[in-house]
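Here's the structure, in structure tokens; my notes come after.
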Amino acid sequence: MKTENQRAWFLVLPVLVLVAFNALIPMMTVVNYSVQETFGDNLFFWQGLDWYEQILTSERFHAALGRQFLFTGLILVIEVPLGIAIALSMPRQGFWVPVCLVLMALPMLIPWNVVGAMWNIFTLPDIGLLGYFLNHTLGINYDMTQDPLAAWITIVTMDVWHWTSLVVLLAYAGLVSIPDAYYQAAKIDGASNWAVFRFIQLPKMKTVLTIAILLRFMDSFNIYTEPFVLTGGGPGNSTTLLSIDLVKMALGQFDLGPAAAMSLIYFAITLGVSWLFYTLMTKDDLN
Amino acid sequence: MQKRSIVPIVYILFLMLPIYWLVAMSFKTTNEILAGFSLFPQTFTWDNYITIFTDPTWYWGYINSIIYVSINTVLSVTVALPAAYAFSRYRFLGDKHLFFWLLTNRMAPAAVFALPFFQLYSAVGFFDTHIAVALAHCLFNIPLAVWILEGFMSSVPKELDETAFVDGYSFPRFFTTIFIPSIKAGVGVAAFFCFMFSWVELLLAKTLTAVEAKPIAATMTRTASSAGYELGLLAAAGTLTIIPGAIVIYFVRNYIAKGFAMGRV
Amino acid sequence: MAKITLSKLRHSYYPDPQGPEDYALKMIDLDWTDGGAYALLGPSGCGKSTLLNIISGLLVPSEGRILFDDRDVTELAPTQRNIAQVFQFPVIYDTMSVRDNLAFPLRNRGVDEATVARRVAEIAEMLEVTDILDRKAAALSPDNKQKVSMGRGLVREDVNVVMFDEPLTVIDPHLKWKLRSKLKELHQRVRATMIYVTHDQTEALTFADQVVVMQDGEIVQIGTPVDLFERPAHTFVGHFIGSPGMNILPCETRDGAALFQGQQIPLEGDIVPGEGKRTEIGVRPEFVSLAESGVEAVVRKVSDVGRHIVVETQVGEDRVAAIIKENAPETGETVHLNFRPDRTRLYRDGWLATTAGEAAQ
């Protein structure tokens, strides 16, 4: 049982100051922009909620949001089951465990623009390993700068390559924490492999999988650098995800007001969906 | 058992292919790369690496990155430790809301904050310093560090604290000489994740720097565009960005699986 | 339910065992009769869990065979052996209700729902968990969790044997005795063969009809609790069971008599002929009395433990404990010790080496 102690605030204070400095001040700036119009020269005019209305009703935003949900949905549907499957088939102990973990974690430790760049050169039709193989060895016409479907397959594959290991790592952590007695009891109870997975492994992985899904949702929903470097949002607007669209608007067109309003709507959506995930996945524990 | 190990082997091969391609390219001349497809470097060359290690604008990129990543890791873990302790041991006014609010900062798209960050750090005169990037990365690293450490600390029995206080330890002395050593693994894992997320982030790092503190990842984009895609050089620089991460993960390899098993949601 | 025979069983965790020290189980030959309540007693690391896992089929022994009712099951998987096992830490299926937990082993074997419902109700009633049947198993207290694990073991009517691997380790002391007597009662009701592994003599002696004592991968004695107490076959048993344990006193033998500190000590019967490196006299403190004459000893310590008084004395370099009812001597006092002859035995290299005399019958 935790004890009540208001002085605990002092322990939290440094964190609070640092995070608030980074979070609140920029957030205020964004809120400020979102209700004003600027024509440069630091001249601002009160605009009220017009930008919000404009964004929420704009087809461009709807399209980007749709692409964003499609992307996040796809990578969650692929990465989570794949990550669990890989974790299940990994050895539980011995020499190969750290080797597997180190190799698997490697993609996560590469700067995001390098990830984008390396997938770019990997998939170049004539000189990239994958591009050459698909076009010249298999004879499939593959060029992600021309074909939206190829571009989508490429960014999804890249993200699977980049982040599935996070799910593997977390799921594996959950698996190794299950005592042997559970498996032995299941054997004696005559449980099938599926029952072992369904009633022992999956429940024991629930906590870590919740973390994995939340992290993957947040990070994939906010993804910017990798697809920007890889496809630049193209061909056309086909891979322009929410962040890419936002940066295009804010920096490219310098439409600060709408970009700020869009940021906040974006943030609210991320927050809302995360909260939904969180409550859905933890509601069993509460009753 | 043997049949099962196909899955991780195939997966690791899939992970290694793009990395192999990057490394292979880094040993090719740009001419060879552009001339056509070759699985192995035909004319093996160290030139790309020599260029990087002799040109200050290149190698300072690495030094800059390592400086701000290190500052951020130390800072994040240091402030997260007492906070995580507070969350794991005490109830206080607004604790749950505070915890959730901290986590929400991971959800804010970095793209959203790029411009306000630039303005904020320019205003306080930190623009283009290592400290600016290190501080900015605290936004998403501190919440993560608190989260991981809180999980580890909650698994340490409260009796440890009580015994120490009965034995007359002051809080700071107990915390630094008894408590932190008992969650070493957690500190390692938290530091690893802080290092990782600070090392791989580019958008904020690039926005907050110009020359003096420019990270390697940003150096790469600039050189690439101005020199008309020197692919060999780009590949060599990219290869070098993998190395620090690989070294760090090697050190925490035995803790990494444990790290999140103790975490809570 | 079945008779279980262990025949020439040896097990090593090494792929290529060299000497006897590489074996976790050295040579086990044992029959467990149908419907018996057995305890497997021994200190940590004596091989009792290994033996249990071999019976349940979680381990395949390096050598030897296991027979259930004379049918060889050595190579069979746990599921095919039809056994049940309760582990040290409660194993429950978190996401299921108590009812589904209890029904799990039956449903996995395709038992029809009517039978499942009947058995679950019976077992729940026996274990007194009827009122929590619809609760989620994850939310239970440790003792209820362990009850549910026991219930899963007992729910199948046709099990050959139910095994308990130190099942009370995580249970609060005040609930331990309750669960222990529950188990005894359960055995009397279901009459299944039960094997109870423990390092706690009280648990073993209260639960079992027959106790199997193990040490270093070997069985040192099989017997009723009374046998083990009164006539330990090995000094280890004498020492391990009882509180304080049996006095083990180095002695010499000459012309069929035992000499302790130069004095002849009457034994329960004749000394079995044989050679050994070391001979010892074994006598329980309960059968050592203070008398006018006998072995001279100095009192080192007297502790009144309520029901009786434990007197620790020093005889030369050896220590002898005695349990007396009243008239405790002072510390430092010189007393004379008397060993009750029919309870005094000779051990050669640890093993009992006297024939039972008339008095012991």
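Note on naming: chains are A, B, ... as they come in the structure tokens, residues start from 1 per chain, ligands start from 1 in the order shown.
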Closest-contact table, chain C side, partner chain A, 9 Å, counting only C-alpha atoms, as a Markdown table:
| residue | atom | partner | partner_atom | distance |
| --- | --- | --- | --- | --- |
| C:Ser56 | CA | A:Ile188 | CA | 7.9 |
| C:Gly57 | CA | A:Ile188 | CA | 8.8 |
| C:Leu58 | CA | A:Gln184 | CA | 7.0 |
| C:Ala77 | CA | A:Lys187 | CA | 8.4 |
| C:Pro78 | CA | A:Ile188 | CA | 5.4 |
| C:Thr79 | CA | A:Gly190 | CA | 5.2 |
| C:Gln80 | CA | A:Gly190 | CA | 8.5 |
| C:Arg81 | CA | A:Ile188 | CA | 8.7 |
| C:Asn82 | CA | A:Ile188 | CA | 7.8 |
| C:Ile83 | CA | A:Ile188 | CA | 6.9 |
| C:Ala84 | CA | A:Ile188 | CA | 6.2 |
| C:Gln85 | CA | A:Ala185 | CA | 7.0 |
| C:Val86 | CA | A:Ala185 | CA | 7.7 |
| C:Phe87 | CA | A:Ala181 | CA | 6.7 |
| C:Gln88 | CA | A:Ala181 | CA | 8.4 |
| C:Phe89 | CA | A:Ala181 | CA | 7.8 |
| C:Pro90 | CA | A:Ala181 | CA | 8.8 |
| C:Val91 | CA | A:Tyr182 | CA | 5.9 |
| C:Ile92 | CA | A:Tyr182 | CA | 8.0 |
| C:Tyr93 | CA | A:Phe199 | CA | 6.1 |
| C:Asp94 | CA | A:Pro203 | CA | 7.0 |
| C:Thr95 | CA | A:Pro203 | CA | 6.7 |
| C:Met96 | CA | A:Phe199 | CA | 7.9 |
| C:Phe104 | CA | A:Asp189 | CA | 7.1 |
| C:Pro105 | CA | A:Asp189 | CA | 4.5 |
| C:Leu106 | CA | A:Asp189 | CA | 8.0 |
| C:Asn108 | CA | A:Gly190 | CA | 5.8 |
| C:Arg109 | CA | A:Gly190 | CA | 6.9 |
| C:Arg152 | CA | A:Asp189 | CA | 7.8 |
| C:Gly153 | CA | A:Asp189 | CA | 8.1 |
For the selection you just gave me, I'd like the residues written to a file as a PDB file, in the first residue's frame, keeping C-alpha atoms.
ATOM      1  CA  SER C  56       4.483 -37.370 -13.866  1.00  0.00           C
ATOM      2  CA  GLY C  57       6.332 -37.710 -17.173  1.00  0.00           C
ATOM      3  CA  LEU C  58       7.804 -34.221 -17.308  1.00  0.00           C
ATOM      4  CA  ALA C  77       3.879 -37.999 -22.133  1.00  0.00           C
ATOM      5  CA  PRO C  78       2.211 -36.525 -19.007  1.00  0.00           C
ATOM      6  CA  THR C  79      -1.165 -36.290 -20.769  1.00  0.00           C
ATOM      7  CA  GLN C  80      -1.162 -39.992 -21.609  1.00  0.00           C
ATOM      8  CA  ARG C  81      -0.252 -41.052 -18.090  1.00  0.00           C
ATOM      9  CA  ASN C  82      -3.413 -39.676 -16.612  1.00  0.00           C
ATOM     10  CA  ILE C  83      -1.850 -38.136 -13.570  1.00  0.00           C
ATOM     11  CA  ALA C  84      -2.367 -34.866 -11.756  1.00  0.00           C
ATOM     12  CA  GLN C  85       0.182 -32.593 -10.177  1.00  0.00           C
ATOM     13  CA  VAL C  86      -0.078 -29.605  -7.873  1.00  0.00           C
ATOM     14  CA  PHE C  87       2.911 -27.283  -7.919  1.00  0.00           C
ATOM     15  CA  GLN C  88       4.741 -25.308  -5.279  1.00  0.00           C
ATOM     16  CA  PHE C  89       3.380 -22.006  -6.582  1.00  0.00           C
ATOM     17  CA  PRO C  90      -0.301 -21.994  -7.431  1.00  0.00           C
ATOM     18  CA  VAL C  91      -0.760 -22.369 -11.160  1.00  0.00           C
ATOM     19  CA  ILE C  92      -4.076 -20.946 -12.224  1.00  0.00           C
ATOM     20  CA  TYR C  93      -5.403 -19.732 -15.537  1.00  0.00           C
ATOM     21  CA  ASP C  94      -5.768 -16.033 -14.817  1.00  0.00           C
ATOM     22  CA  THR C  95      -8.333 -15.174 -17.430  1.00  0.00           C
ATOM     23  CA  MET C  96     -10.743 -17.963 -16.508  1.00  0.00           C
ATOM     24  CA  PHE C 104     -10.239 -27.207 -17.811  1.00  0.00           C
ATOM     25  CA  PRO C 105      -8.615 -30.676 -17.463  1.00  0.00           C
ATOM     26  CA  LEU C 106     -11.966 -32.352 -18.146  1.00  0.00           C
ATOM     27  CA  ASN C 108      -9.428 -30.799 -22.669  1.00  0.00           C
ATOM     28  CA  ARG C 109     -10.226 -34.495 -22.605  1.00  0.00           C
ATOM     29  CA  ARG C 152      -7.789 -29.196 -11.008  1.00  0.00           C
ATOM     30  CA  GLY C 153      -5.734 -32.174  -9.879  1.00  0.00           C
TER      31      GLY C 153
END
Quiz item: Got a sec to pull out which chain A residues are within 7 Å of chain B, counting only C-alpha atoms, and send them as a PyMOL selection string?
Solution: chain A and resi 2-6+8+11-12+14-15+19+22-23+26+29-30+86+89-90+98+101-104+106+109-114+118-119+122+126-127+129+161+169-170+172-174+177+207-208+211+218+222+243+247+263+267+270-271
Self-check item: stretch 257-317 of chain C: residues DSSP assigns to strand (DSSP E or B), reported as a PyMOL selection string
Solution: chain C and resi 257-260+263-265+271+279-283+288-291+295-304+309-315
Those residues with N, CA and C atoms, as an mmCIF file, in the first residue's frame please?
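Below is the file selection-v2.cif, written as the result:
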data_model
loop_
_atom_site.group_PDB
_atom_site.id
_atom_site.type_symbol
_atom_site.label_atom_id
_atom_site.label_comp_id
_atom_site.auth_asym_id
_atom_site.auth_seq_id
_atom_site.Cartn_x
_atom_site.Cartn_y
_atom_site.Cartn_z
ATOM 1 N N ALA C 257 29.568 -56.146 21.548
ATOM 2 C CA ALA C 257 29.006 -55.121 22.419
ATOM 3 C C ALA C 257 29.472 -53.753 21.940
ATOM 4 N N ALA C 258 28.680 -52.726 22.240
ATOM 5 C CA ALA C 258 29.023 -51.371 21.807
ATOM 6 C C ALA C 258 29.562 -50.579 22.986
ATOM 7 N N LEU C 259 30.685 -49.873 22.752
ATOM 8 C CA LEU C 259 31.290 -49.080 23.814
ATOM 9 C C LEU C 259 31.244 -47.602 23.450
ATOM 10 N N PHE C 260 30.650 -46.805 24.318
ATOM 11 C CA PHE C 260 30.596 -45.354 24.095
ATOM 12 C C PHE C 260 31.352 -44.690 25.237
ATOM 13 N N GLN C 263 32.277 -46.977 27.925
ATOM 14 C CA GLN C 263 31.273 -47.706 28.700
ATOM 15 C C GLN C 263 30.423 -48.560 27.789
ATOM 16 N N GLN C 264 30.093 -49.731 28.219
ATOM 17 C CA GLN C 264 29.260 -50.583 27.377
ATOM 18 C C GLN C 264 27.817 -50.099 27.428
ATOM 19 N N ILE C 265 27.209 -50.026 26.254
ATOM 20 C CA ILE C 265 25.819 -49.556 26.167
ATOM 21 C C ILE C 265 24.956 -50.717 25.701
ATOM 22 N N ILE C 271 24.218 -57.359 17.216
ATOM 23 C CA ILE C 271 24.816 -56.585 16.139
ATOM 24 C C ILE C 271 24.924 -57.478 14.919
ATOM 25 N N THR C 279 31.151 -46.717 13.194
ATOM 26 C CA THR C 279 29.974 -47.234 13.894
ATOM 27 C C THR C 279 29.490 -46.170 14.874
ATOM 28 N N GLU C 280 28.162 -46.094 14.987
ATOM 29 C CA GLU C 280 27.579 -45.083 15.869
ATOM 30 C C GLU C 280 26.400 -45.670 16.627
ATOM 31 N N ILE C 281 26.187 -45.133 17.803
ATOM 32 C CA ILE C 281 24.996 -45.487 18.565
ATOM 33 C C ILE C 281 23.948 -44.427 18.288
ATOM 34 N N GLY C 282 22.714 -44.857 18.059
ATOM 35 C CA GLY C 282 21.648 -43.903 17.843
ATOM 36 C C GLY C 282 20.577 -44.074 18.894
ATOM 37 N N VAL C 283 20.244 -42.984 19.576
ATOM 38 C CA VAL C 283 19.157 -43.049 20.550
ATOM 39 C C VAL C 283 18.449 -41.698 20.566
ATOM 40 N N VAL C 288 16.318 -41.010 26.371
ATOM 41 C CA VAL C 288 17.461 -40.778 27.253
ATOM 42 C C VAL C 288 16.906 -40.219 28.563
ATOM 43 N N SER C 289 17.287 -40.838 29.673
ATOM 44 C CA SER C 289 16.777 -40.310 30.953
ATOM 45 C C SER C 289 17.946 -39.999 31.884
ATOM 46 N N LEU C 290 17.679 -39.182 32.859
ATOM 47 C CA LEU C 290 18.685 -38.867 33.865
ATOM 48 C C LEU C 290 18.511 -39.867 35.011
ATOM 49 N N ALA C 291 19.628 -40.456 35.471
ATOM 50 C CA ALA C 291 19.510 -41.499 36.493
ATOM 51 C C ALA C 291 20.636 -41.372 37.509
ATOM 52 N N VAL C 295 26.069 -43.131 32.052
ATOM 53 C CA VAL C 295 27.113 -42.336 31.405
ATOM 54 C C VAL C 295 27.171 -40.968 32.078
ATOM 55 N N GLU C 296 28.350 -40.598 32.456
ATOM 56 C CA GLU C 296 28.506 -39.325 33.150
ATOM 57 C C GLU C 296 28.518 -38.176 32.128
ATOM 58 N N ALA C 297 27.793 -37.134 32.440
ATOM 59 C CA ALA C 297 27.703 -36.017 31.488
ATOM 60 C C ALA C 297 27.559 -34.703 32.237
ATOM 61 N N VAL C 298 27.978 -33.600 31.562
ATOM 62 C CA VAL C 298 27.839 -32.275 32.150
ATOM 63 C C VAL C 298 26.735 -31.524 31.411
ATOM 64 N N VAL C 299 25.845 -30.911 32.159
ATOM 65 C CA VAL C 299 24.727 -30.195 31.548
ATOM 66 C C VAL C 299 25.220 -28.893 30.934
ATOM 67 N N ARG C 300 24.937 -28.707 29.638
ATOM 68 C CA ARG C 300 25.377 -27.480 28.955
ATOM 69 C C ARG C 300 24.259 -26.445 28.898
ATOM 70 N N LYS C 301 23.055 -26.966 28.695
ATOM 71 C CA LYS C 301 21.961 -26.039 28.463
ATOM 72 C C LYS C 301 20.646 -26.729 28.780
ATOM 73 N N VAL C 302 19.734 -25.998 29.400
ATOM 74 C CA VAL C 302 18.426 -26.556 29.697
ATOM 75 C C VAL C 302 17.383 -25.639 29.064
ATOM 76 N N SER C 303 16.509 -26.187 28.221
ATOM 77 C CA SER C 303 15.433 -25.331 27.697
ATOM 78 C C SER C 303 14.080 -25.972 27.942
ATOM 79 N N ASP C 304 13.235 -25.186 28.569
ATOM 80 C CA ASP C 304 11.877 -25.633 28.842
ATOM 81 C C ASP C 304 11.017 -25.226 27.654
ATOM 82 N N ILE C 309 11.086 -30.762 28.781
ATOM 83 C CA ILE C 309 12.313 -29.999 28.975
ATOM 84 C C ILE C 309 13.417 -30.666 28.161
ATOM 85 N N VAL C 310 14.132 -29.881 27.383
ATOM 86 C CA VAL C 310 15.235 -30.424 26.612
ATOM 87 C C VAL C 310 16.525 -30.123 27.361
ATOM 88 N N VAL C 311 17.271 -31.186 27.670
ATOM 89 C CA VAL C 311 18.534 -31.012 28.379
ATOM 90 C C VAL C 311 19.659 -31.362 27.418
ATOM 91 N N GLU C 312 20.567 -30.409 27.179
ATOM 92 C CA GLU C 312 21.709 -30.710 26.331
ATOM 93 C C GLU C 312 22.915 -30.929 27.225
ATOM 94 N N THR C 313 23.574 -32.081 26.990
ATOM 95 C CA THR C 313 24.714 -32.404 27.856
ATOM 96 C C THR C 313 25.947 -32.674 27.014
ATOM 97 N N GLN C 314 27.079 -32.660 27.694
ATOM 98 C CA GLN C 314 28.342 -32.906 27.027
ATOM 99 C C GLN C 314 28.954 -34.158 27.643
ATOM 100 N N VAL C 315 29.273 -35.144 26.768
ATOM 101 C CA VAL C 315 29.965 -36.345 27.244
ATOM 102 C C VAL C 315 31.275 -36.399 26.477
#
Self-check item: Distance of atom CA of C:Tyr347 from atom CA of C:Val220, expressed in Å to one decimal place
Solution: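 Computing it gives 13.1 Å between the two atoms.
Distances to C:Thr224 were evaluated for C:Val272, C:Ala37, C:Leu249, C:Leu102 using only C-alpha atoms, and the minimum falls at C:Ala37.
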Exercise. Show which residues sit within 6 Å of stretch 208-210 of chain B, as a PyMOL selection string. Count only C-alpha atoms, and ignore same-chain residues fewer than 4 positions away.
Key: chain B and resi 118+127-128+214
Quiz item: Got a sec to tell me which of stretch 90-272 of chain C DSSP assigns to helix (DSSP H, G or I), as JSON, numbers by chain?
Solution: {"C": [98, 99, 100, 101, 102, 103, 104, 105, 106, 107, 108, 113, 114, 115, 116, 117, 118, 119, 120, 121, 122, 123, 124, 125, 126, 127, 130, 131, 132, 137, 138, 139, 142, 143, 144, 145, 146, 147, 148, 149, 150, 151, 152, 153, 154, 173, 174, 175, 176, 177, 178, 179, 180, 181, 182, 183, 184, 185, 186, 187, 188, 189, 190, 201, 202, 203, 204, 205, 206, 207, 225, 226, 227, 228, 229, 230, 235, 236, 237, 238, 239, 240]}
Quiz item: At what distance in Å, to one decimal, does atom CA of C:Met194 lie from atom CA of C:Gly36?
Solution: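 Atom-to-atom, atom CA of C:Gly36 and atom CA of C:Met194 are spaced 6.3 Å apart.
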Quiz item: In Å to one decimal, how far is atom CA of A:Ile244 from atom CA of A:Tyr224?
Solution: 5.9 Å
Practice problem: Just the residues within 9 Å of C:Leu67, please, counting only C-alpha atoms, with nothing from its chain fewer than 5 positions along; format it as number ranges by chain. | Solution: C: 3-7, 72-74
Output of the above residues as a compact mmCIF listing (two decimals), in the first residue's frame, restricted to N, CA and C atoms:
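So the final result, stored in again.txt, reads:
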# COMPACT_ATOMS: atom_id res chain seq x y z
N LYS C 3 -1.45 -48.96 -9.13
CA LYS C 3 -0.22 -49.24 -8.40
C LYS C 3 0.92 -48.70 -9.26
N ILE C 4 1.87 -48.05 -8.62
CA ILE C 4 2.97 -47.47 -9.37
C ILE C 4 4.26 -48.17 -8.99
N THR C 5 4.97 -48.66 -9.99
CA THR C 5 6.23 -49.35 -9.72
C THR C 5 7.37 -48.59 -10.36
N LEU C 6 8.37 -48.30 -9.56
CA LEU C 6 9.58 -47.69 -10.11
C LEU C 6 10.64 -48.78 -10.09
N SER C 7 11.21 -49.06 -11.26
CA SER C 7 12.13 -50.18 -11.33
C SER C 7 13.50 -49.72 -11.79
N ASP C 72 4.08 -50.44 -18.82
CA ASP C 72 5.25 -49.57 -18.90
C ASP C 72 4.85 -48.20 -19.45
N VAL C 73 5.07 -47.15 -18.66
CA VAL C 73 4.69 -45.80 -19.12
C VAL C 73 5.92 -44.91 -19.24
N THR C 74 7.12 -45.50 -19.17
CA THR C 74 8.34 -44.71 -19.13
C THR C 74 8.41 -43.65 -20.23
Quiz item: In terms of the shortest atom-to-atom distance over only C-alpha atoms, which of B:Val124, B:Val166, B:Ala132, B:Ala213 is closest to B:Trp60?
Solution: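 Of B:Val124, B:Val166, B:Ala132, B:Ala213, the one nearest B:Trp60 is B:Ala213, counting only C-alpha atoms.
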